[in-house]
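Trainee: After the structure tokens below, expect a handful of questions from me.
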Amino acid sequence: MFKKILLVSSTEGGLVMLAELCAAKLIAPYFGTSIQVWAATLSVTLGGLAAGYLIGSRRSKFVYERNIKDLNIIFFLNGIFLCLIPVLCHPLLKLTMSNNLGVGSILSLMVLLFPVLLLFGCTSPLIINVLNSNESKAGETSGMVYSVSTIGGIVMTMITGFYLLPYFGIKNSYFIAGILSAICGVLLLKKEAKTLNLVMLIIFAASLSANALHKTSFNPQFKVLDESDGLLGNIKIIEHNAAWYGSPDKIGRGLSVNNTMQTFMDVNDPENSSIWAWSNIIPTAISIYPKKSNVLLCGLGGGTIVKQLQKLDFNFDVVELDERIYKLAVKYFHVDPNISVYTDDARHYIKTASEKYDVIIFDTFLSESAPEHLLTVESLQEAKSILKPNGLILTNFYGFISGEKGRAARSVVKTFHEAGFATSVIATPGNEENRNLLILGSDAPKDFSKVNYTEPMSMSVGNLNALMVPIKDLTKGDEMVLTDDKPLLSRMCSAAAKSWKIAYNEYYTSKLIQ
């Protein structure tokens, strides 16, 4: 029994981590992956475990046999809950997504995650009590239980992050977790509780069936060609009319990450389909460089910029963190399968790169989350070290420059200055809520009056200097230099991220999922 109980404890530790990691990814299509959402996930996790430890400590006053029965019921109940989470999530999240990111994510997690973690939290005190036949060894037993539980958590975190989520997805990960929890319940079955065990097994089997048969229902106006869950979250390939993007005569194919469109391609004209101003201004800005210039593109998306780099006849390397993106870009967005793509974190690649580049492009937004670790003074100096003389670094960013929402962009500009760059900012047309900023840094000011890039049916700009933001608008006195030691960009972006994600939910997500 001792080894069996320790195995159950180790499994419980692993299931806690699996449930937490999957829950954060589960709510990402509705609330994003900002620091606020992760803070909500960790808070609900710790709150559930703390409540469970307290309840478990009270229940541990009962005798050995009662605690075994409690554990039996807990693992069966959590097997049921874990299987039902993917079934319940979308109806619940549609109800809560109109709240701001903090409130909405906490409410959702309190329903989806808190009960599971509360029950798992109960198990450690119960297991310790079951094993404590000798009071003099209470400390030894407690240490052993928490040790094997933690080891189980470490192992399952690695398995979930590197294998289950990327290759099986969230739904199947919860399916596997439900089965593992039920197996723990079976290991602790009491022969005399035949009726209870039979009822629990029947309910669990029904939950497994509900999980296996459940499919998300999409609005028939949207044709979902592909969907998967993995490293960056939920990815969908969706076709629909482009009226919402100002092109009602086009049928577009989009790459959606966490229900936020990253790329949108005209199905009938895949080579000339950058319908957003920012994706047209990026190649326009770098067209001041001659053919065969070397470019590092950080962030592949659906490959719009890759096609533009090919039109400019540039040599280029691409760094993309999620290997699914490359496969989808080739399959659905007509991206050349022979391009040079490195599956890596952009900053890690830059730190280890032996190549020198004329241009480095950061296009690594994930839903509403800014690439915080790429926009510190240390990271920019690392990028500068692999730039050729007269090189250029460019990052895509939020459109806000005024007030509290604009403090993040103003701080990024100040950080570029601190890293030794002559900095300029281009604003795409539109108001702050609906535009992008392109922040550019180089060793000396660049003249963008003679650019040379256009696409049919897209925005054409002959003089980018006309879109430059005056420096006085970027200096308010509250800007900060962003450093590795004080990674404050996520906090600075929080107000903009909240309004942006809520608007996107109302504008897009609510129409996509029925």
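Residue numbering restarts at 1 for every chain of the structure tokens, chains are lettered A, B, ... in their displayed order, and ligands are numbered from 1 as they appear.
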Would you please give, as a PyMOL selection string, all residues of range 88-274 of chain A that DSSP assigns to alpha helix (DSSP H) based on the backbone?

Mentor: chain A and resi 88-96+101-112+114-131+138-159+165-187+194-213

Trainee: Return as CSV the residues of range 96-198 of chain A lying at most 6 Å from range 55-66 of chain A, together with the closest atom-to-atom pair for each and the distance in Å to one decimal, counting only C-alpha atoms, with rows in chain order and ascending residue number.

Mentor:
```
residue,atom,partner,partner_atom,distance
A:Cys122,CA,A:Gly56,CA,4.0
A:Pro125,CA,A:Gly56,CA,5.3
A:Leu126,CA,A:Ser60,CA,5.1
A:Asn129,CA,A:Ser60,CA,5.9
A:Val130,CA,A:Tyr64,CA,5.3
```

Trainee: Using N, CA and C atoms, can you write the selected residues to a file as a PDB file, in the first residue's frame?

Mentor:
```pdb
ATOM      1  N   CYS A 122      -6.780  18.688  -1.263  1.00  0.00           N
ATOM      2  CA  CYS A 122      -7.206  17.856  -0.122  1.00  0.00           C
ATOM      3  C   CYS A 122      -6.383  16.586   0.015  1.00  0.00           C
ATOM      4  N   PRO A 125      -2.834  16.150   2.670  1.00  0.00           N
ATOM      5  CA  PRO A 125      -3.055  15.861   4.097  1.00  0.00           C
ATOM      6  C   PRO A 125      -3.651  14.472   4.332  1.00  0.00           C
ATOM      7  N   LEU A 126      -4.550  14.062   3.446  1.00  0.00           N
ATOM      8  CA  LEU A 126      -5.164  12.736   3.605  1.00  0.00           C
ATOM      9  C   LEU A 126      -4.136  11.631   3.413  1.00  0.00           C
ATOM     10  N   ASN A 129      -1.846  11.381   6.361  1.00  0.00           N
ATOM     11  CA  ASN A 129      -2.517  10.728   7.488  1.00  0.00           C
ATOM     12  C   ASN A 129      -2.608   9.217   7.293  1.00  0.00           C
ATOM     13  N   VAL A 130      -2.884   8.793   6.055  1.00  0.00           N
ATOM     14  CA  VAL A 130      -2.956   7.362   5.759  1.00  0.00           C
ATOM     15  C   VAL A 130      -1.611   6.688   6.024  1.00  0.00           C
TER      16      VAL A 130
END
```

Trainee: What's the separation between CA of Lys215 in chain A and CA of Lys171 in chain A, in Å to one decimal place?

Mentor: 9.8 Å

Trainee: Counting only C-alpha atoms, what is within 10 Å of range 95-112 of chain A, bar same-chain residues fewer than 5 positions away, as a PyMOL selection string?

Mentor: chain A and resi 19-20+23-24+26-41+43-45+47-48+81-82+84-86+88-90+117+494-495+497-499+501-503+505-506+509-510

Trainee: Give me the residues within 9 Å of Asp484 in chain A as a list in words, counting only C-alpha atoms and dropping any in the same chain fewer than 4 places off.

Mentor: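 Surrounding residues, per the criterion: His373, Thr376, Val377, Glu378 and Ser379 of chain A.
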
Trainee: Please identify all polymer residues within 12 Å of Asp226 in chain A, counting only C-alpha atoms, omitting same-chain residues fewer than 5 positions from it, and present them as a list in words.

Mentor: Asn234, Ile235, Lys236, Ile237, Ile238, Glu239, Arg253, Gly254, Leu255, Ser256, Val257, Arg324, Ile325, Lys327, Leu328, Ala329, Lys331 and Tyr332 of chain A

Trainee: Could you write out the selected residues, including C-alpha atoms, as a short mmCIF file (atom, residue, chain, number, x, y, z; two decimals), in the first residue's frame?

Mentor:
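Listing of again.cif after writing:
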```cif
data_model
loop_
_atom_site.label_atom_id
_atom_site.label_comp_id
_atom_site.auth_asym_id
_atom_site.auth_seq_id
_atom_site.Cartn_x
_atom_site.Cartn_y
_atom_site.Cartn_z
CA ASN A 234 -4.86 27.95 -29.99
CA ILE A 235 -4.23 28.31 -33.72
CA LYS A 236 -6.96 28.31 -36.36
CA ILE A 237 -6.93 28.69 -40.12
CA ILE A 238 -10.19 30.43 -41.02
CA GLU A 239 -11.78 31.59 -44.27
CA ARG A 253 -7.91 33.22 -45.27
CA GLY A 254 -6.65 34.06 -41.82
CA LEU A 255 -4.13 32.71 -39.35
CA SER A 256 -5.70 33.20 -35.92
CA VAL A 257 -3.68 32.80 -32.72
CA ARG A 324 3.29 24.56 -36.38
CA ILE A 325 3.33 28.09 -37.82
CA LYS A 327 3.87 24.08 -41.59
CA LEU A 328 0.59 26.03 -41.71
CA ALA A 329 2.19 28.92 -43.62
CA LYS A 331 0.12 24.53 -46.45
CA TYR A 332 -2.41 27.37 -46.38
#
```

Trainee: Between A:Met492, A:Met17, A:Leu42, A:Leu296, single out the one closest to Val412 in chain A, counting only C-alpha atoms.

Mentor: A:Met492

Trainee: Give me, as a list in words, all polymer residues having an atom no more than 9 Å from range 461-475 of chain A, counting only C-alpha atoms and skipping those fewer than 4 positions away in the same chain.

Mentor: Ile281, Thr284, Ala285, Ile401, Ser402, Gly406, Arg407, Ala409, Arg410, Ser411, Val413, Lys414, Ser424, Val425, Ile426, Ala427, Thr428, Pro429, Asp447, Phe448, Ser449, Lys450, Val451, Asn452, Tyr453, Thr454 and Glu479 of chain A

Trainee: Let me make sure I understand: among A:Ile128, A:Asn258, A:Phe75, A:Glu432, which one has the smallest atom-to-atom distance to Ser147 in chain A if we use only C-alpha atoms?

Mentor: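 Nearest to Ser147 in chain A: A:Ile128.
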
Trainee: List every residue of range 211-242 of chain A that DSSP, applied to the backbone of this structure, assigns to strand (DSSP E), and report them as a PyMOL selection string.

Mentor: chain A and resi 223-230+233-242

Trainee: For Ser173 in chain A, which residue out of A:Lys25, A:Lys3, A:Lys292, A:Lys476 is the nearest one, using only C-alpha atoms?

Mentor: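 So, comparing all the options, the nearest one is A:Lys25.
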
Trainee: Can you tell me how far CA of Asp344 in chain A sits from CA of Val306 in chain A, in Å to one decimal?

Mentor: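 Going from CA of Asp344 in chain A over to CA of Val306 in chain A, I get 17.2 Å.
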
Trainee: For Ile154 in chain A, work out the shell of residues within 9 Å, counting only C-alpha atoms and skipping chain neighbours fewer than 5 positions away, then give it as JSON, numbers by chain.

Mentor: {"A": [13, 14, 17, 149, 159]}

Trainee: Grab the CA of Asn294 in chain A to CA of Asp269 in chain A distance for me, in Å with one decimal place.

Mentor: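 Going from CA of Asn294 in chain A over to CA of Asp269 in chain A, I get 26.9 Å.
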
Trainee: Pick the closest to Ser287 in chain A from A:Phe218, A:Ala210, A:Lys446, A:Met261: which is it, counting only C-alpha atoms?

Mentor: A:Lys446

Trainee: Which is closest to Arg347 in chain A among A:Asn315, A:Asn67, A:Gln381, A:Ser442, if we use only C-alpha atoms?

Mentor: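 Closest residue, counting only C-alpha atoms: A:Gln381.
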
Trainee: Using only C-alpha atoms, find the one residue out of A:Ser10, A:Thr123, A:Ser207, A:Ser490 that sits nearest to Ala408 in chain A.

Mentor: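 Result for the nearest residue to Ala408 in chain A: A:Ser490.
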